[in-house]
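Coordinates as given in input.cif (mmCIF, C-alpha atoms):
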data_query
#
loop_
_atom_site.label_atom_id
_atom_site.label_comp_id
_atom_site.auth_asym_id
_atom_site.auth_seq_id
_atom_site.Cartn_x
_atom_site.Cartn_y
_atom_site.Cartn_z
CA MET H 17 -46.55 88.09 367.69
CA ALA H 18 -46.32 89.83 371.06
CA SER H 19 -44.18 92.97 371.27
CA SER H 20 -41.75 91.29 373.69
CA SER H 21 -41.22 88.48 371.20
CA LYS H 22 -40.49 91.00 368.46
CA LEU H 23 -38.00 92.74 370.73
CA VAL H 24 -36.13 89.52 371.40
CA LEU H 25 -36.05 88.59 367.75
CA VAL H 26 -34.67 92.01 366.83
CA MET H 27 -32.01 91.72 369.52
CA CYS H 28 -31.14 88.23 368.37
CA PHE H 29 -30.81 89.51 364.82
CA MET H 30 -28.40 92.20 365.96
CA VAL H 31 -25.94 89.83 367.62
CA SER H 32 -26.80 86.35 366.55
CA ALA H 33 -29.06 83.83 364.91
CA PHE H 34 -31.74 81.65 366.34
CA GLY H 35 -30.43 78.12 366.71
CA ILE H 36 -31.40 74.82 368.20
CA ALA H 37 -28.76 72.46 369.59
CA ILE H 38 -31.22 69.62 370.18
CA GLY H 39 -29.74 66.31 369.07
CA ASN H 40 -26.15 67.49 368.81
CA THR H 41 -23.57 65.48 370.68
CA LEU H 42 -21.61 67.00 373.55
CA ASP H 43 -18.39 67.10 371.56
CA GLN H 44 -20.17 69.24 368.96
CA GLU H 45 -21.44 71.68 371.58
CA PHE H 46 -18.64 71.85 374.16
CA GLU H 47 -14.88 71.95 374.51
CA ILE H 48 -12.81 70.87 377.49
CA THR H 49 -10.92 73.88 378.79
CA TRP H 50 -8.88 72.66 381.74
CA GLY H 51 -8.04 69.66 383.91
CA ASP H 52 -5.14 67.99 382.10
CA GLY H 53 -7.10 64.92 381.03
CA ARG H 54 -9.49 64.84 383.98
CA ALA H 55 -12.42 65.84 381.77
CA LYS H 56 -13.52 63.31 379.16
CA ILE H 57 -16.10 63.08 376.38
CA LEU H 58 -17.21 59.46 376.01
CA ASN H 59 -19.74 57.22 374.26
CA ASN H 60 -19.41 58.90 370.87
CA GLY H 61 -20.08 62.30 372.38
CA ASP H 62 -23.15 61.34 374.41
CA LEU H 63 -21.49 61.54 377.84
CA LEU H 64 -19.13 64.07 379.42
CA THR H 65 -17.41 63.49 382.76
CA LEU H 66 -15.45 65.82 385.03
CA SER H 67 -13.15 64.64 387.80
CA LEU H 68 -11.36 66.19 390.75
CA ASP H 69 -8.32 64.98 392.68
CA LYS H 70 -5.95 66.68 395.08
CA ILE H 71 -3.91 68.13 392.21
CA SER H 72 -6.66 69.61 390.05
CA GLY H 73 -10.28 69.77 389.08
CA SER H 74 -11.57 70.11 385.52
CA GLY H 75 -14.00 72.04 383.38
CA PHE H 76 -15.56 72.72 380.00
CA GLN H 77 -17.36 75.50 378.15
CA SER H 78 -19.80 75.79 375.27
CA LYS H 79 -18.53 76.55 371.79
CA ASN H 80 -21.48 78.91 371.29
CA GLU H 81 -22.58 82.04 373.12
CA TYR H 82 -26.28 82.57 373.77
CA LEU H 83 -28.51 85.61 374.19
CA PHE H 84 -31.79 84.41 375.71
CA GLY H 85 -33.12 80.90 375.40
CA LYS H 86 -34.04 77.65 377.12
CA ILE H 87 -31.05 75.55 378.24
CA ASP H 88 -31.31 71.96 379.54
CA MET H 89 -28.64 69.57 380.80
CA GLN H 90 -28.80 66.31 382.69
CA LEU H 91 -26.28 65.98 385.54
CA LYS H 92 -25.33 63.19 387.90
CA LEU H 93 -23.43 64.63 390.84
CA VAL H 94 -20.46 63.42 392.90
CA SER H 95 -21.58 60.50 395.06
CA GLY H 96 -20.58 59.50 398.56
CA ASN H 97 -18.69 61.96 400.72
CA SER H 98 -18.66 65.02 398.45
CA ALA H 99 -17.93 67.53 401.22
CA GLY H 100 -15.76 70.42 400.04
CA THR H 101 -16.48 69.89 396.35
CA VAL H 102 -18.47 72.20 394.10
CA THR H 103 -19.99 71.27 390.75
CA ALA H 104 -20.72 74.55 388.98
CA TYR H 105 -22.98 74.79 385.92
CA TYR H 106 -23.75 78.31 384.73
CA LEU H 107 -24.11 80.88 381.98
CA SER H 108 -21.68 83.80 381.99
CA SER H 109 -20.29 86.61 379.89
CA GLN H 110 -16.81 88.01 380.53
CA GLY H 111 -15.31 91.11 382.12
CA PRO H 112 -15.85 93.17 385.28
CA THR H 113 -19.42 94.03 384.31
CA HIS H 114 -20.33 90.49 383.31
CA ASP H 115 -23.76 88.86 383.50
CA GLU H 116 -24.17 85.39 384.99
CA ILE H 117 -26.88 82.83 385.82
CA ASP H 118 -25.72 80.16 388.26
CA PHE H 119 -26.41 76.63 389.35
CA GLU H 120 -23.81 75.49 391.90
CA PHE H 121 -24.03 72.17 393.71
CA LEU H 122 -22.31 72.23 397.09
CA GLY H 123 -21.22 68.80 398.29
CA ASN H 124 -21.74 67.37 401.74
CA LEU H 125 -20.97 64.43 403.98
CA SER H 126 -22.42 61.07 402.99
CA GLY H 127 -26.11 60.94 403.82
CA ASP H 128 -26.49 64.71 404.14
CA PRO H 129 -28.22 66.62 401.33
CA TYR H 130 -26.51 68.61 398.62
CA THR H 131 -27.13 72.35 398.66
CA LEU H 132 -28.20 73.76 395.29
CA HIS H 133 -26.98 77.35 395.17
CA THR H 134 -28.47 79.77 392.62
CA ASN H 135 -27.50 83.33 391.80
CA VAL H 136 -28.08 86.01 389.16
CA PHE H 137 -25.46 88.61 388.19
CA SER H 138 -26.08 91.69 386.08
CA GLN H 139 -23.44 94.27 385.17
CA GLY H 140 -21.03 92.54 387.56
CA LYS H 141 -23.37 92.64 390.55
CA GLY H 142 -24.61 89.43 392.13
CA ASN H 143 -25.53 88.86 395.77
CA ARG H 144 -28.92 87.44 394.77
CA GLU H 145 -28.49 84.00 396.28
CA GLN H 146 -31.19 81.45 396.88
CA GLN H 147 -30.30 77.96 398.09
CA PHE H 148 -32.26 74.73 398.13
CA HIS H 149 -32.07 71.12 399.16
CA LEU H 150 -33.45 68.64 396.65
CA TRP H 151 -36.31 66.18 397.08
CA PHE H 152 -34.25 63.30 395.66
CA ASP H 153 -30.68 61.97 395.70
CA PRO H 154 -28.92 63.84 392.85
CA THR H 155 -26.06 61.32 392.88
CA ALA H 156 -28.12 58.18 392.24
CA ASP H 157 -29.17 59.04 388.69
CA PHE H 158 -29.24 61.82 386.10
CA HIS H 159 -31.63 64.74 386.62
CA THR H 160 -32.44 67.66 384.34
CA TYR H 161 -31.42 71.18 385.35
CA SER H 162 -32.82 73.94 383.15
CA ILE H 163 -32.69 77.70 382.75
CA THR H 164 -35.23 79.75 380.82
CA TRP H 165 -33.89 83.24 380.15
CA ASN H 166 -35.97 85.86 378.35
CA PRO H 167 -36.35 89.65 378.68
CA GLN H 168 -39.06 89.34 381.34
CA ARG H 169 -37.67 86.69 383.69
CA ILE H 170 -35.20 83.94 384.46
CA ILE H 171 -36.66 80.63 385.65
CA PHE H 172 -34.61 77.84 387.21
CA TYR H 173 -36.05 74.32 386.85
CA VAL H 174 -35.19 70.91 388.28
CA ASP H 175 -36.76 68.01 386.36
CA GLY H 176 -39.31 70.44 384.96
CA THR H 177 -40.30 71.80 388.38
CA PRO H 178 -39.61 75.52 388.85
CA ILE H 179 -37.53 76.28 391.92
CA ARG H 180 -36.84 79.97 391.36
CA GLU H 181 -38.14 82.85 389.27
CA TYR H 182 -36.11 86.05 388.95
CA LYS H 183 -38.11 88.84 387.33
CA ASN H 184 -36.82 91.83 385.42
CA SER H 185 -36.86 94.81 387.82
CA GLU H 186 -35.44 97.46 385.50
CA SER H 187 -38.48 99.64 386.22
CA MET H 188 -37.09 99.91 389.77
CA GLY H 189 -33.62 100.84 388.57
CA VAL H 190 -32.19 97.32 388.92
CA SER H 191 -30.10 96.11 385.99
CA TYR H 192 -31.10 92.86 384.26
CA PRO H 193 -29.02 90.56 382.05
CA LYS H 194 -30.21 91.29 378.53
CA ASN H 195 -27.40 92.71 376.40
CA GLN H 196 -24.44 90.35 376.85
CA ALA H 197 -24.29 86.96 375.18
CA MET H 198 -23.17 84.22 377.56
CA ARG H 199 -21.37 80.92 377.26
CA ILE H 200 -22.21 77.85 379.29
CA TYR H 201 -19.48 76.82 381.71
CA SER H 202 -19.14 73.90 384.05
CA SER H 203 -16.43 72.81 386.45
CA LEU H 204 -15.75 70.43 389.32
CA TRP H 205 -13.38 71.94 391.85
CA ASN H 206 -12.28 72.01 395.46
CA ALA H 207 -13.85 74.77 397.58
CA ASP H 208 -13.48 73.36 401.05
CA ASP H 209 -12.69 76.80 402.43
CA TRP H 210 -16.41 77.68 402.16
CA ALA H 211 -18.57 75.09 400.36
CA THR H 212 -19.63 72.75 403.18
CA ARG H 213 -20.89 74.23 406.43
CA GLY H 214 -19.01 77.43 405.78
CA GLY H 215 -15.69 75.62 405.39
CA LEU H 216 -15.90 73.64 408.63
CA VAL H 217 -15.95 70.32 406.74
CA LYS H 218 -12.93 69.72 404.53
CA THR H 219 -12.52 67.55 401.45
CA ASP H 220 -11.63 63.94 402.24
CA TRP H 221 -9.00 63.26 399.61
CA SER H 222 -9.00 59.55 400.43
CA GLN H 223 -12.32 59.47 398.51
CA ALA H 224 -10.76 60.98 395.36
CA PRO H 225 -11.09 61.05 392.45
CA PHE H 226 -14.52 62.67 392.59
CA SER H 227 -16.60 62.56 389.42
CA ALA H 228 -19.67 64.28 387.92
CA SER H 229 -21.38 63.30 384.66
CA TYR H 230 -23.35 65.17 381.98
CA ARG H 231 -25.63 64.12 379.12
CA ASN H 232 -28.65 65.15 377.01
CA PHE H 233 -27.85 68.81 376.43
CA ASN H 234 -30.49 70.89 374.66
CA ALA H 235 -30.35 74.57 373.77
CA ASN H 236 -33.26 76.39 372.17
CA ALA H 237 -31.75 79.86 371.98
CA CYS H 238 -30.32 82.76 370.05
CA ILE H 239 -26.76 81.78 369.18
CA SER H 240 -24.14 84.48 368.74
CA ASN H 241 -22.18 84.63 365.47
CA SER H 242 -24.35 82.10 363.68
CA SER H 243 -24.71 82.37 359.93
CA SER H 244 -28.50 82.51 359.63
CA SER H 245 -30.92 85.22 360.67
CA CYS H 246 -32.68 85.41 364.02
CA ASN H 247 -36.09 86.60 362.97
CA SER H 248 -39.69 85.47 362.94
CA ASN H 249 -39.14 83.43 359.78
CA THR H 250 -36.60 81.18 361.50
CA THR H 251 -38.73 80.36 364.56
CA THR H 252 -41.85 78.33 365.08
CA SER H 253 -44.55 78.42 367.74
CA THR H 254 -42.86 75.44 369.39
CA SER H 255 -39.25 76.50 369.15
CA ASN H 256 -39.72 80.08 370.37
CA SER H 257 -42.11 79.40 373.25
CA TRP H 258 -39.40 80.47 375.71
CA LEU H 259 -39.61 84.04 374.37
CA ASN H 260 -42.65 84.76 376.54
CA GLU H 261 -42.47 81.84 378.95
CA GLU H 262 -44.01 82.49 382.34
CA LEU H 263 -45.32 80.30 385.12
CA ASP H 264 -48.95 79.23 384.87
CA ASN H 265 -51.05 78.57 387.96
CA THR H 266 -49.92 74.96 388.27
CA SER H 267 -46.27 75.94 387.96
CA GLN H 268 -46.74 78.73 390.49
CA GLU H 269 -48.08 76.18 392.97
CA ARG H 270 -45.10 73.89 392.32
CA LEU H 271 -42.75 76.82 392.87
CA LYS H 272 -44.43 77.64 396.19
CA TRP H 273 -44.17 73.97 397.23
CA VAL H 274 -40.44 73.90 396.54
CA GLN H 275 -39.77 77.20 398.27
CA LYS H 276 -41.84 76.25 401.32
CA ASN H 277 -40.32 72.81 401.77
CA TYR H 278 -36.82 72.92 400.27
CA MET H 279 -35.51 76.50 400.27
CA VAL H 280 -32.77 76.87 402.89
CA TYR H 281 -31.59 80.42 402.13
CA ASN H 282 -33.12 83.51 400.50
CA TYR H 283 -31.25 86.79 400.27
CA CYS H 284 -34.58 88.58 400.34
CA THR H 285 -35.28 87.43 403.91
CA ASP H 286 -31.76 87.87 405.34
CA SER H 287 -32.27 90.90 407.57
CA LYS H 288 -28.88 90.48 409.23
CA ARG H 289 -27.20 90.83 405.87
CA PHE H 290 -29.33 93.80 404.83
CA PRO H 291 -30.05 95.73 408.07
CA GLN H 292 -30.78 98.91 406.12
CA GLY H 293 -33.46 97.22 404.02
CA PHE H 294 -33.68 94.53 401.39
CA PRO H 295 -32.52 95.08 397.79
CA GLU H 296 -35.13 96.68 395.55
CA ASP H 297 -35.45 93.61 393.34
CA CYS H 298 -36.79 91.70 396.35
CA LEU H 299 -40.09 93.50 395.86
CA GLN H 300 -40.65 91.27 392.82
CA ASN H 301 -38.43 88.31 393.69
CA SER H 302 -39.01 87.49 397.35
#
Rewrite the coordinates I just gave you, this time as structure tokens.
Amino acid sequence: MASSSKLVLVMCFMVSAFGIAIGNTLDQEFEITWGDGRAKILNNGDLLTLSLDKISGSGFQSKNEYLFGKIDMQLKLVSGNSAGTVTAYYLSSQGPTHDEIDFEFLGNLSGDPYTLHTNVFSQGKGNREQQFHLWFDPTADFHTYSITWNPQRIIFYVDGTPIREYKNSESMGVSYPKNQAMRIYSSLWNADDWATRGGLVKTDWSQAPFSASYRNFNANACISNSSSSCNSNTTTSTSNSWLNEELDNTSQERLKWVQKNYMVYNYCTDSKRFPQGFPEDCLQNS
């Protein structure tokens, strides 16, 4: 086993146990945390919906915390005029020095594309935004949004296509999320002060309630506070492939295709924002 795999397994053993959530229903994996009835788990736990009206949005969180892994969820986003709304789906720890890995879907006027906003926080510092439009209508059907998180890199996927790779730049003095276990959170909320065209387009409450749907959650990850050991005896070549996952040549070409054709913002090319020079992690993550 590669040394990086051994390192992950040791770290998992220290805080957690290796676990697989494949096949579990959403009510087994998540709990609704706010929304006063606007979030619902339906179809015997196979479907979760969030809704937003003028009074409140709604949200849920995972029952487990994870330290490294491969996380998949299928989402169907708010349809029609979704301007002003944000559907957030992310991993996060807690506190002022928290770590976080973000998918945020910024709504727009009917017929205009969603903006998929991604970010990575480590030790409370973010400002690593990349944004994309999608090559399909994310409101017409369910699509799979995935995060692979290991000690070397974080990879964001849409339907199995990589859209972003964030590499560990600790050798350059840049912190990397590796020590804090994170829960999965998701929420649907009103952010019309900034979400759509910088806040110029407001939420049309005549279209409410707005709704987003979730299904087919899979987590192949180290789970905090589990009862079994996270070591080489509890993993298989299939289940622990994320430990050393990296992009092969085909995946690298797909990533370049997405970033050439669908990236609409990259912090590593925003010279107005960073007139004194780009952040050091841009050397590996431009």
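When all atoms listed in the file are used to compute distances to Leu91 (chain H), the closest of the residues H:Leu122, H:Val174, H:Val136, H:Met188 turns out to be H:Val174.
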Applied to this file, what does the PyMOL selection byres ((chain H and resi 224-237) around 8) return in terms of residues, put as a PDB file with C-alpha atoms, in the coordinates of the input?
ATOM      1  CA  PHE H  34     -31.740  81.650 366.340  1.00  0.00           C
ATOM      2  CA  GLY H  35     -30.430  78.120 366.710  1.00  0.00           C
ATOM      3  CA  ILE H  36     -31.400  74.820 368.200  1.00  0.00           C
ATOM      4  CA  ALA H  37     -28.760  72.460 369.590  1.00  0.00           C
ATOM      5  CA  ILE H  38     -31.220  69.620 370.180  1.00  0.00           C
ATOM      6  CA  GLY H  39     -29.740  66.310 369.070  1.00  0.00           C
ATOM      7  CA  ASN H  40     -26.150  67.490 368.810  1.00  0.00           C
ATOM      8  CA  THR H  41     -23.570  65.480 370.680  1.00  0.00           C
ATOM      9  CA  LEU H  42     -21.610  67.000 373.550  1.00  0.00           C
ATOM     10  CA  ASP H  62     -23.150  61.340 374.410  1.00  0.00           C
ATOM     11  CA  LEU H  63     -21.490  61.540 377.840  1.00  0.00           C
ATOM     12  CA  LEU H  64     -19.130  64.070 379.420  1.00  0.00           C
ATOM     13  CA  THR H  65     -17.410  63.490 382.760  1.00  0.00           C
ATOM     14  CA  LEU H  66     -15.450  65.820 385.030  1.00  0.00           C
ATOM     15  CA  SER H  67     -13.150  64.640 387.800  1.00  0.00           C
ATOM     16  CA  LEU H  68     -11.360  66.190 390.750  1.00  0.00           C
ATOM     17  CA  ASP H  69      -8.320  64.980 392.680  1.00  0.00           C
ATOM     18  CA  LYS H  70      -5.950  66.680 395.080  1.00  0.00           C
ATOM     19  CA  TYR H  82     -26.280  82.570 373.770  1.00  0.00           C
ATOM     20  CA  LEU H  83     -28.510  85.610 374.190  1.00  0.00           C
ATOM     21  CA  PHE H  84     -31.790  84.410 375.710  1.00  0.00           C
ATOM     22  CA  GLY H  85     -33.120  80.900 375.400  1.00  0.00           C
ATOM     23  CA  LYS H  86     -34.040  77.650 377.120  1.00  0.00           C
ATOM     24  CA  ILE H  87     -31.050  75.550 378.240  1.00  0.00           C
ATOM     25  CA  ASP H  88     -31.310  71.960 379.540  1.00  0.00           C
ATOM     26  CA  MET H  89     -28.640  69.570 380.800  1.00  0.00           C
ATOM     27  CA  GLN H  90     -28.800  66.310 382.690  1.00  0.00           C
ATOM     28  CA  LEU H  91     -26.280  65.980 385.540  1.00  0.00           C
ATOM     29  CA  LYS H  92     -25.330  63.190 387.900  1.00  0.00           C
ATOM     30  CA  LEU H  93     -23.430  64.630 390.840  1.00  0.00           C
ATOM     31  CA  VAL H  94     -20.460  63.420 392.900  1.00  0.00           C
ATOM     32  CA  SER H  95     -21.580  60.500 395.060  1.00  0.00           C
ATOM     33  CA  SER H  98     -18.660  65.020 398.450  1.00  0.00           C
ATOM     34  CA  THR H 103     -19.990  71.270 390.750  1.00  0.00           C
ATOM     35  CA  PHE H 158     -29.240  61.820 386.100  1.00  0.00           C
ATOM     36  CA  LEU H 204     -15.750  70.430 389.320  1.00  0.00           C
ATOM     37  CA  ASP H 220     -11.630  63.940 402.240  1.00  0.00           C
ATOM     38  CA  TRP H 221      -9.000  63.260 399.610  1.00  0.00           C
ATOM     39  CA  SER H 222      -9.000  59.550 400.430  1.00  0.00           C
ATOM     40  CA  GLN H 223     -12.320  59.470 398.510  1.00  0.00           C
ATOM     41  CA  CYS H 238     -30.320  82.760 370.050  1.00  0.00           C
ATOM     42  CA  ILE H 239     -26.760  81.780 369.180  1.00  0.00           C
ATOM     43  CA  SER H 255     -39.250  76.500 369.150  1.00  0.00           C
ATOM     44  CA  ASN H 256     -39.720  80.080 370.370  1.00  0.00           C
TER      45      ASN H 256
END
Report the residues retrieved by the PyMOL selection byres ((chain H and resi 271-279) around 8) from the displayed file, expressed as a count of residues only. 17
Once the PyMOL selection byres ((chain H and resi 295) around 12) is applied to the coordinates I shared, what remains selected? I want it as number ranges by chain. H: 141-145, 185, 188-190, 282-287, 289-294, 296-302
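Note that CA of Trp50 (chain H) and CA of Tyr201 (chain H) are 11.4 Å apart.
Distances from H:Ser202, H:Ser162, H:Ser109, H:Asn135 to Trp258 (chain H) were compared using only C-alpha atoms, and the smallest one belongs to H:Ser162.
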Taking the point (-17.7, 77.6, 371.4) as given in the file, collect each protein or nucleic acid residue that comes within 10 Å of it, counting all atoms listed in the file, and present the set as a VMD selection string. chain H and resid 44 to 47 77 to 81 199 to 200 240
